[in-house]
Each structure stands twice: as C-alpha cells, then as structure tokens.
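**Student:** One file is attached below, coords_6.cif, containing mmCIF, C-alpha atoms.
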data_upload
loop_
_atom_site.group_PDB
_atom_site.id
_atom_site.type_symbol
_atom_site.label_atom_id
_atom_site.label_comp_id
_atom_site.auth_asym_id
_atom_site.auth_seq_id
_atom_site.Cartn_x
_atom_site.Cartn_y
_atom_site.Cartn_z
ATOM 1 C CA MET A 1 -3.379 25.801 37.146
ATOM 2 C CA GLN A 2 -4.927 22.365 36.395
ATOM 3 C CA THR A 3 -7.136 23.875 33.685
ATOM 4 C CA TYR A 4 -4.500 25.747 31.722
ATOM 5 C CA TYR A 5 -1.259 23.886 32.513
ATOM 6 C CA PRO A 6 -2.145 20.260 33.371
ATOM 7 C CA THR A 7 1.354 18.941 32.619
ATOM 8 C CA LYS A 8 2.932 21.245 35.220
ATOM 9 C CA LEU A 9 1.091 19.357 37.979
ATOM 10 C CA MET A 10 1.764 15.850 36.665
ATOM 11 C CA LYS A 11 4.523 13.660 38.069
ATOM 12 C CA GLN A 12 7.763 13.800 36.095
ATOM 13 C CA ILE A 13 9.251 10.613 34.685
ATOM 14 C CA PRO A 14 12.679 9.735 36.125
ATOM 15 C CA VAL A 15 15.614 10.301 33.762
ATOM 16 C CA GLU A 16 16.592 6.612 33.680
ATOM 17 C CA GLU A 17 13.070 5.536 32.715
ATOM 18 C CA TYR A 18 12.839 8.321 30.131
ATOM 19 C CA LYS A 19 16.074 7.230 28.420
ATOM 20 C CA ALA A 20 15.171 3.529 28.573
ATOM 21 C CA SER A 21 11.724 3.987 27.043
ATOM 22 C CA ASN A 22 12.507 3.651 23.355
ATOM 23 C CA THR A 23 10.499 0.576 22.342
ATOM 24 C CA LEU A 24 7.053 0.717 20.785
ATOM 25 C CA SER A 25 4.124 -1.507 21.762
ATOM 26 C CA ASP A 26 4.885 -3.914 18.898
ATOM 27 C CA GLY A 27 8.551 -4.309 19.922
ATOM 28 C CA ARG A 28 10.215 -2.036 17.362
ATOM 29 C CA VAL A 29 12.920 0.297 18.643
ATOM 30 C CA ILE A 30 12.933 4.058 18.148
ATOM 31 C CA ASP A 31 16.369 4.764 16.695
ATOM 32 C CA LYS A 32 16.116 8.537 16.980
ATOM 33 C CA MET A 33 13.565 11.035 18.282
ATOM 34 C CA ASN A 34 13.925 14.783 18.333
ATOM 35 C CA VAL A 35 11.752 17.837 18.974
ATOM 36 C CA TYR A 36 12.816 20.929 17.072
ATOM 37 C CA LYS A 37 11.557 24.253 15.800
ATOM 38 C CA GLU A 38 11.351 24.472 12.009
ATOM 39 C CA ALA A 39 13.958 26.996 10.826
ATOM 40 C CA ASN A 40 13.487 26.709 7.058
ATOM 41 C CA GLU A 41 11.695 29.893 5.973
ATOM 42 C CA GLN A 42 10.446 28.208 2.772
ATOM 43 C CA SER A 43 8.627 25.487 4.721
ATOM 44 C CA GLN A 44 4.919 25.785 5.403
ATOM 45 C CA ASN A 45 5.661 24.826 9.024
ATOM 46 C CA PHE A 46 8.191 27.632 9.583
ATOM 47 C CA GLY A 47 8.374 28.581 13.265
ATOM 48 C CA LYS A 48 6.329 25.578 14.454
ATOM 49 C CA TRP A 49 7.541 22.881 16.812
ATOM 50 C CA MET A 50 8.066 19.568 15.039
ATOM 51 C CA LEU A 51 8.530 15.969 16.162
ATOM 52 C CA TYR A 52 11.008 13.849 14.214
ATOM 53 C CA ALA A 53 11.298 10.105 14.692
ATOM 54 C CA GLN A 54 13.231 7.347 12.987
ATOM 55 C CA VAL A 55 12.049 3.770 13.458
ATOM 56 C CA GLY A 56 14.158 1.369 11.442
ATOM 57 C CA GLU A 57 14.387 2.767 7.915
ATOM 58 C CA GLN A 58 11.238 4.882 8.313
ATOM 59 C CA LYS A 59 11.826 8.596 8.959
ATOM 60 C CA MET A 60 8.832 10.746 9.939
ATOM 61 C CA SER A 61 8.177 14.322 10.927
ATOM 62 C CA THR A 62 5.010 16.134 11.975
ATOM 63 C CA THR A 63 3.904 19.271 13.779
ATOM 64 C CA LEU A 64 3.561 18.735 17.498
ATOM 65 C CA PRO A 65 0.294 19.741 19.220
ATOM 66 C CA ASN A 66 0.643 22.070 22.209
ATOM 67 C CA HIS A 67 -0.395 19.507 24.835
ATOM 68 C CA ASP A 68 2.209 17.032 23.522
ATOM 69 C CA LEU A 69 4.831 19.777 23.372
ATOM 70 C CA ASN A 70 4.139 20.738 26.989
ATOM 71 C CA ALA A 71 4.245 17.076 28.034
ATOM 72 C CA TYR A 72 7.625 16.684 26.298
ATOM 73 C CA PHE A 73 9.229 19.739 27.882
ATOM 74 C CA ASP A 74 7.748 19.014 31.328
ATOM 75 C CA ARG A 75 8.991 15.402 30.931
ATOM 76 C CA VAL A 76 5.703 13.753 31.883
ATOM 77 C CA THR A 77 5.588 11.508 28.814
ATOM 78 C CA THR A 78 8.068 9.036 27.347
ATOM 79 C CA PRO A 79 9.481 9.091 23.811
ATOM 80 C CA SER A 80 7.638 5.876 22.962
ATOM 81 C CA GLN A 81 4.307 7.387 24.056
ATOM 82 C CA LEU A 82 4.912 10.508 21.955
ATOM 83 C CA VAL A 83 5.866 8.506 18.866
ATOM 84 C CA GLU A 84 2.939 6.089 19.243
ATOM 85 C CA LYS A 85 0.458 8.919 19.678
ATOM 86 C CA ASN A 86 1.683 11.044 16.772
ATOM 87 C CA PHE A 87 2.874 8.367 14.311
ATOM 88 C CA GLY A 88 0.672 5.387 15.244
ATOM 89 C CA GLN A 89 -1.133 5.403 11.901
ATOM 90 C CA ARG A 90 2.049 5.697 9.832
ATOM 91 C CA LEU A 91 3.695 2.910 11.818
ATOM 92 C CA HIS A 92 0.561 0.707 11.503
ATOM 93 C CA LEU A 93 0.392 0.104 15.254
ATOM 94 C CA ALA A 94 -2.480 -1.922 16.694
ATOM 95 C CA SER A 95 -2.562 0.471 19.677
ATOM 96 C CA HIS A 96 -3.570 3.303 17.330
ATOM 97 C CA TYR A 97 -6.548 1.403 15.936
ATOM 98 C CA GLU A 98 -7.816 0.239 19.340
ATOM 99 C CA GLN A 99 -9.290 3.693 19.960
ATOM 100 C CA PHE A 100 -11.880 3.257 17.181
ATOM 101 C CA LYS A 101 -15.077 1.477 18.186
ATOM 102 C CA LEU A 102 -18.445 1.263 16.459
ATOM 103 C CA PRO A 103 -21.319 3.091 18.188
ATOM 104 C CA GLU A 104 -23.349 1.132 20.743
ATOM 105 C CA GLY A 105 -26.414 -0.531 19.246
ATOM 106 C CA ALA A 106 -25.223 -0.247 15.646
ATOM 107 C CA GLU A 107 -26.759 -3.157 13.738
ATOM 108 C CA ILE A 108 -24.228 -3.664 10.983
ATOM 109 C CA LYS A 109 -24.647 -6.781 8.868
ATOM 110 C CA ASP A 110 -21.590 -6.408 6.662
ATOM 111 C CA ILE A 111 -18.588 -4.123 6.244
ATOM 112 C CA ARG A 112 -17.226 -4.038 2.732
ATOM 113 C CA VAL A 113 -13.836 -2.870 1.583
ATOM 114 C CA SER A 114 -13.628 -2.770 -2.191
ATOM 115 C CA LYS A 115 -11.566 -1.258 -4.962
ATOM 116 C CA ASP A 116 -13.472 1.115 -7.239
ATOM 117 C CA ALA A 117 -12.954 1.933 -10.897
ATOM 118 C CA ASP A 118 -10.504 4.713 -9.955
ATOM 119 C CA ASN A 119 -8.260 2.042 -8.321
ATOM 120 C CA LYS A 120 -8.779 3.344 -4.749
ATOM 121 C CA TRP A 121 -9.936 1.311 -1.764
ATOM 122 C CA ARG A 122 -13.260 2.380 -0.251
ATOM 123 C CA ILE A 123 -15.196 1.224 2.810
ATOM 124 C CA SER A 124 -18.961 1.007 3.353
ATOM 125 C CA ALA A 125 -21.297 -0.664 5.829
ATOM 126 C CA ASP A 126 -24.580 -2.495 5.255
ATOM 127 C CA MET A 127 -27.021 -1.607 8.028
ATOM 128 C CA GLY A 128 -29.815 -3.922 6.887
ATOM 129 C CA GLU A 129 -33.169 -2.160 6.578
ATOM 130 C CA ARG A 130 -31.568 1.225 7.325
ATOM 131 C CA GLY A 131 -29.566 1.071 4.101
ATOM 132 C CA ILE A 132 -25.951 1.140 3.063
ATOM 133 C CA THR A 133 -23.615 3.948 4.001
ATOM 134 C CA ALA A 134 -21.774 5.942 1.377
ATOM 135 C CA LYS A 135 -18.356 4.665 0.335
ATOM 136 C CA LYS A 136 -15.460 6.489 1.989
ATOM 137 C CA GLU A 137 -11.933 6.366 0.623
ATOM 138 C CA LEU A 138 -9.326 4.629 2.807
ATOM 139 C CA SER A 139 -5.961 6.267 3.316
ATOM 140 C CA PHE A 140 -2.879 4.344 2.198
ATOM 141 C CA ASP A 141 -1.767 3.723 5.788
ATOM 142 C CA ASP A 142 -5.159 2.346 6.831
ATOM 143 C CA GLY A 143 -5.297 0.058 3.799
ATOM 144 C CA TYR A 144 -1.788 -1.184 4.540
ATOM 145 C CA ALA A 145 -2.715 -1.824 8.182
ATOM 146 C CA LEU A 146 -5.795 -3.797 7.100
ATOM 147 C CA PHE A 147 -4.323 -5.936 4.317
ATOM 148 C CA HIS A 148 -0.597 -6.301 5.020
ATOM 149 C CA THR A 149 0.210 -5.869 8.702
ATOM 150 C CA LYS A 150 -3.259 -7.021 9.905
ATOM 151 C CA THR A 151 -3.201 -4.531 12.800
ATOM 152 C CA ALA A 152 -6.544 -2.947 11.885
ATOM 153 C CA THR A 153 -9.898 -4.689 11.525
ATOM 154 C CA ARG A 154 -12.793 -3.809 9.253
ATOM 155 C CA GLN A 155 -14.855 -2.806 12.299
ATOM 156 C CA GLN A 156 -12.172 -0.386 13.507
ATOM 157 C CA LEU A 157 -11.851 1.225 10.074
ATOM 158 C CA ALA A 158 -15.640 1.451 9.755
ATOM 159 C CA ALA A 159 -15.727 3.215 13.114
ATOM 160 C CA LYS A 160 -12.995 5.599 11.978
ATOM 161 C CA TYR A 161 -14.551 6.546 8.654
ATOM 162 C CA LEU A 162 -18.284 5.875 8.985
ATOM 163 C CA THR A 163 -19.293 6.746 12.578
ATOM 164 C CA PRO A 164 -21.050 10.059 11.738
ATOM 165 C CA GLU A 165 -23.103 8.432 8.974
ATOM 166 C CA ILE A 166 -23.896 5.362 11.107
ATOM 167 C CA ASN A 167 -25.129 7.635 13.904
ATOM 168 C CA GLU A 168 -27.226 9.570 11.408
ATOM 169 C CA LYS A 169 -28.847 6.384 10.060
ATOM 170 C CA MET A 170 -29.512 5.140 13.615
ATOM 171 C CA GLY A 171 -31.262 8.418 14.423
ATOM 172 C CA VAL A 172 -28.727 9.593 16.987
ATOM 173 C CA LYS A 173 -28.558 13.348 16.846
ATOM 174 C CA GLN A 174 -25.630 15.288 18.110
ATOM 175 C CA GLU A 175 -26.823 18.166 20.203
ATOM 176 C CA THR A 176 -25.371 21.519 19.433
ATOM 177 C CA THR A 177 -26.088 24.419 21.688
ATOM 178 C CA LEU A 178 -25.199 28.002 21.413
ATOM 179 C CA GLY A 179 -23.808 29.126 24.703
ATOM 180 C CA LEU A 180 -22.906 32.411 26.197
ATOM 181 C CA LYS A 181 -20.100 32.388 28.695
ATOM 182 C CA LEU A 182 -20.669 34.861 31.490
#
Take the structure in this file and express it as structure tokens.

**Tutor:**
Amino acid sequence: MQTYYPTKLMKQIPVEEYKASNTLSDGRVIDKMNVYKEANEQSQNFGKWMLYAQVGEQKMSTTLPNHDLNAYFDRVTTPSQLVEKNFGQRLHLASHYEQFKLPEGAEIKDIRVSKDADNKWRISADMGERGITAKKELSFDDGYALFHTKTATRQQLAAKYLTPEINEKMGVKQETTLGLKL
C-alpha cells in the first residue's frame, strides 16, 4: 500500500487547518483555489485534472500531477502547499528557488547573466581552467525573479540551468544501467 498509494496512509489535515491555510510563504493570500477536470473538448488538456489558483490579480492554471491530485483528494496537503509547489516559479517565490543548489565541489569563479543580440537573457558559468559553460536561455519568470523580486540568486539559477554541464566539466558521470526486473 505504501508503494502505490502513499497518501492513503498519511495523516489527514483537520478541516479547520485546511480552510485556514491560504497564505503563501511570502505572506500573499490565495484568493481562490480549485481542482477541476477540463471539460472543453477543444483544449489540449481535455479530460485532465487541473489546478486553478488566483493570487491577487494573477490567475493561473496547470495540469495536476497524480501524486498532487491524490494528496488533494486524500486531504494530506494544504492549499498553500499545492499552490507553492505547482506555481512557485510563476509567483516568484523564494521557497521555489531554494531547491536548486550547485553540485558539491564545483569551482565556479563567475556566473554571468547577459543579454544577447536576440534580446534574450542567458546564463553561463566560468569554471576557471575547465572552461566556460554554454549559454542557456533564462525563462521570463526566472529573469523576473532575479532582477525584479530578488527571490532568486545567480547561483540558484546556475544550478537550475547548468548543473548537467557543470557535472560533465567536473568529470562526474551519471551511471546508467540496464536492468531486468524479475
């Protein structure tokens, strides 16, 4: 049961706490949150479970992963936790960017965020004698979190976009094995 339905064994959140939990980690209030099944046949998400949230003037909707859907229906997670997990990047929350950390032992001298000729922000890292990583394009939300809301740091964004290349330059190989399940 634990393997296939972990939320069934978790402790349920009391109704009072569930209703009271509508503030995000930065203090903003969730005005409305709803889980629904997309009924519009013309939509690419037809028949999928969606999460809708309104925080201030910002209205957002996304498909809900199965583990979050199960947690919602089994009432083992709060609305604020669901919104932070699924919309943390769009809301520019510091709690979303805390999960990104550079690999251990990475000797990075400088992290550069620059605007290229095509008017898009790109990030790269100077690893000294190991060279400079390729420039990766920043999403709008990550650029906004770095420059305007100051909730993301250059190191966190470098970890988000450049970790595979940094590991490759450090010589860390990811092991892949072909397995046969008996």

**Student:** Evaluate the PyMOL selection byres ((chain A and resi 78) around 12) on the structure here and hand back the selected residues as a short mmCIF file (atom, residue, chain, number, x, y, z; two decimals) with C-alpha atoms, in the coordinates of the input.

**Tutor:**
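See expr35.cif below for the written result:
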data_model
loop_
_atom_site.label_atom_id
_atom_site.label_comp_id
_atom_site.auth_asym_id
_atom_site.auth_seq_id
_atom_site.Cartn_x
_atom_site.Cartn_y
_atom_site.Cartn_z
CA GLN A 12 7.76 13.80 36.10
CA ILE A 13 9.25 10.61 34.68
CA PRO A 14 12.68 9.74 36.12
CA VAL A 15 15.61 10.30 33.76
CA GLU A 16 16.59 6.61 33.68
CA GLU A 17 13.07 5.54 32.72
CA TYR A 18 12.84 8.32 30.13
CA LYS A 19 16.07 7.23 28.42
CA ALA A 20 15.17 3.53 28.57
CA SER A 21 11.72 3.99 27.04
CA ASN A 22 12.51 3.65 23.36
CA THR A 23 10.50 0.58 22.34
CA LEU A 24 7.05 0.72 20.78
CA ILE A 30 12.93 4.06 18.15
CA MET A 33 13.56 11.04 18.28
CA ASP A 68 2.21 17.03 23.52
CA LEU A 69 4.83 19.78 23.37
CA ALA A 71 4.24 17.08 28.03
CA TYR A 72 7.62 16.68 26.30
CA PHE A 73 9.23 19.74 27.88
CA ASP A 74 7.75 19.01 31.33
CA ARG A 75 8.99 15.40 30.93
CA VAL A 76 5.70 13.75 31.88
CA THR A 77 5.59 11.51 28.81
CA PRO A 79 9.48 9.09 23.81
CA SER A 80 7.64 5.88 22.96
CA GLN A 81 4.31 7.39 24.06
CA LEU A 82 4.91 10.51 21.96
CA VAL A 83 5.87 8.51 18.87
CA GLU A 84 2.94 6.09 19.24
CA LYS A 85 0.46 8.92 19.68
#

**Student:** Do a neighbour search on stretch 59-65 of chain A at 8 Å with all atoms listed in the file, toss out local chain neighbours closer than 4 positions, and write the hits as number ranges by chain.

**Tutor:** A: 45, 48-55, 69, 86-87

**Student:** Just want the 12 Å neighbourhood of stretch 140-144 of chain A, counted on only C-alpha atoms, with same-chain residues fewer than 5 positions away dropped. Output as a list in words.

**Tutor:** Phe87, Gly88, Gln89, Arg90, Leu91, His92, Leu93, Ala94, His96, Tyr97, Val113, Ser114, Lys115, Lys120, Trp121, Arg122, Ile123, Thr149, Lys150, Thr151, Ala152, Thr153, Arg154, Gln156, Leu157, Ala158, Lys160 and Tyr161 of chain A

**Student:** To one decimal place in Å, what is the distance between atom CA of A:Ala159 and atom CA of A:Gln99?

**Tutor:**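 If I compute the distance from atom CA of A:Ala159 to atom CA of A:Gln99, I get 9.4 Å.
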
**Student:** Just give me the gap between atom CA of A:Ser95 and atom CA of A:Gln58 in Å, one decimal is fine.

**Tutor:**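 Between these atoms lies a distance of 18.4 Å.
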
**Student:** Would you list the residues near (-19.0, -7.5, 4.3) (no more than 9 Å away, in the coordinates of the file, using all atoms listed in the file) as a list in words?

**Tutor:**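 Answer for this query, in the requested form: Lys109, Asp110, Ile111, Arg112, Val113, Ser124, Ala125, Asp126 and Arg154 of chain A.
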
**Student:** Can you work out the spacing between atom CA of A:Lys11 and atom CA of A:Asn70 in Å, to one decimal?

**Tutor:**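 Going from atom CA of A:Lys11 over to atom CA of A:Asn70 covers 13.2 Å.
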
**Student:** Got a sec: who's within 12 Å of A:Glu104, counting all atoms listed in the file, leaving out chain neighbours fewer than 2 positions off, as a list of chain:residue names?

**Tutor:**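 Surrounding residues, per the criterion: A:Lys101, A:Leu102, A:Ala106, A:Glu107, A:Ile108, A:Ala159, A:Thr163, A:Ile166, A:Asn167, A:Met170, A:Val172.
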
**Student:** Pull N, CA, C and O atoms for stretch 105-120 of chain A from the block and write them as a PDB file, in the first residue's frame.

**Tutor:**
ATOM      1  N   GLY A 105      31.645  20.664  -4.669  1.00  0.00           N
ATOM      2  CA  GLY A 105      32.983  20.709  -5.256  1.00  0.00           C
ATOM      3  C   GLY A 105      33.065  21.464  -6.571  1.00  0.00           C
ATOM      4  O   GLY A 105      34.108  21.432  -7.229  1.00  0.00           O
ATOM      5  N   ALA A 106      32.020  22.115  -6.986  1.00  0.00           N
ATOM      6  CA  ALA A 106      32.042  22.878  -8.234  1.00  0.00           C
ATOM      7  C   ALA A 106      32.833  24.165  -8.000  1.00  0.00           C
ATOM      8  O   ALA A 106      32.477  24.966  -7.155  1.00  0.00           O
ATOM      9  N   GLU A 107      33.919  24.330  -8.728  1.00  0.00           N
ATOM     10  CA  GLU A 107      34.763  25.512  -8.591  1.00  0.00           C
ATOM     11  C   GLU A 107      34.346  26.531  -9.644  1.00  0.00           C
ATOM     12  O   GLU A 107      34.910  26.578 -10.733  1.00  0.00           O
ATOM     13  N   ILE A 108      33.386  27.347  -9.293  1.00  0.00           N
ATOM     14  CA  ILE A 108      32.862  28.332 -10.230  1.00  0.00           C
ATOM     15  C   ILE A 108      33.390  29.701  -9.824  1.00  0.00           C
ATOM     16  O   ILE A 108      33.186  30.152  -8.706  1.00  0.00           O
ATOM     17  N   LYS A 109      34.093  30.340 -10.757  1.00  0.00           N
ATOM     18  CA  LYS A 109      34.666  31.658 -10.470  1.00  0.00           C
ATOM     19  C   LYS A 109      33.654  32.770 -10.672  1.00  0.00           C
ATOM     20  O   LYS A 109      33.648  33.740  -9.932  1.00  0.00           O
ATOM     21  N   ASP A 110      32.814  32.644 -11.694  1.00  0.00           N
ATOM     22  CA  ASP A 110      31.889  33.720 -12.016  1.00  0.00           C
ATOM     23  C   ASP A 110      30.658  33.154 -12.708  1.00  0.00           C
ATOM     24  O   ASP A 110      30.759  32.231 -13.509  1.00  0.00           O
ATOM     25  N   ILE A 111      29.507  33.712 -12.376  1.00  0.00           N
ATOM     26  CA  ILE A 111      28.255  33.361 -13.052  1.00  0.00           C
ATOM     27  C   ILE A 111      27.771  34.614 -13.745  1.00  0.00           C
ATOM     28  O   ILE A 111      27.575  35.648 -13.105  1.00  0.00           O
ATOM     29  N   ARG A 112      27.608  34.520 -15.047  1.00  0.00           N
ATOM     30  CA  ARG A 112      27.233  35.697 -15.826  1.00  0.00           C
ATOM     31  C   ARG A 112      25.827  35.543 -16.392  1.00  0.00           C
ATOM     32  O   ARG A 112      25.465  34.516 -16.948  1.00  0.00           O
ATOM     33  N   VAL A 113      25.080  36.616 -16.230  1.00  0.00           N
ATOM     34  CA  VAL A 113      23.754  36.720 -16.838  1.00  0.00           C
ATOM     35  C   VAL A 113      23.828  37.918 -17.762  1.00  0.00           C
ATOM     36  O   VAL A 113      24.080  39.033 -17.325  1.00  0.00           O
ATOM     37  N   SER A 114      23.646  37.662 -19.055  1.00  0.00           N
ATOM     38  CA  SER A 114      23.794  38.747 -20.029  1.00  0.00           C
ATOM     39  C   SER A 114      22.712  38.662 -21.089  1.00  0.00           C
ATOM     40  O   SER A 114      22.118  37.611 -21.316  1.00  0.00           O
ATOM     41  N   LYS A 115      22.493  39.799 -21.733  1.00  0.00           N
ATOM     42  CA  LYS A 115      21.501  39.876 -22.800  1.00  0.00           C
ATOM     43  C   LYS A 115      22.234  39.735 -24.127  1.00  0.00           C
ATOM     44  O   LYS A 115      23.193  40.457 -24.400  1.00  0.00           O
ATOM     45  N   ASP A 116      21.794  38.816 -24.956  1.00  0.00           N
ATOM     46  CA  ASP A 116      22.434  38.586 -26.252  1.00  0.00           C
ATOM     47  C   ASP A 116      21.830  39.469 -27.326  1.00  0.00           C
ATOM     48  O   ASP A 116      20.909  40.246 -27.075  1.00  0.00           O
ATOM     49  N   ALA A 117      22.345  39.322 -28.534  1.00  0.00           N
ATOM     50  CA  ALA A 117      21.892  40.128 -29.664  1.00  0.00           C
ATOM     51  C   ALA A 117      20.405  39.909 -29.966  1.00  0.00           C
ATOM     52  O   ALA A 117      19.744  40.810 -30.479  1.00  0.00           O
ATOM     53  N   ASP A 118      19.883  38.734 -29.648  1.00  0.00           N
ATOM     54  CA  ASP A 118      18.461  38.456 -29.904  1.00  0.00           C
ATOM     55  C   ASP A 118      17.560  38.968 -28.784  1.00  0.00           C
ATOM     56  O   ASP A 118      16.384  38.626 -28.719  1.00  0.00           O
ATOM     57  N   ASN A 119      18.125  39.776 -27.857  1.00  0.00           N
ATOM     58  CA  ASN A 119      17.389  40.445 -26.783  1.00  0.00           C
ATOM     59  C   ASN A 119      16.809  39.466 -25.761  1.00  0.00           C
ATOM     60  O   ASN A 119      15.772  39.719 -25.174  1.00  0.00           O
ATOM     61  N   LYS A 120      17.499  38.328 -25.535  1.00  0.00           N
ATOM     62  CA  LYS A 120      17.074  37.350 -24.536  1.00  0.00           C
ATOM     63  C   LYS A 120      18.185  37.195 -23.500  1.00  0.00           C
ATOM     64  O   LYS A 120      19.364  37.244 -23.825  1.00  0.00           O
TER      65      LYS A 120
END
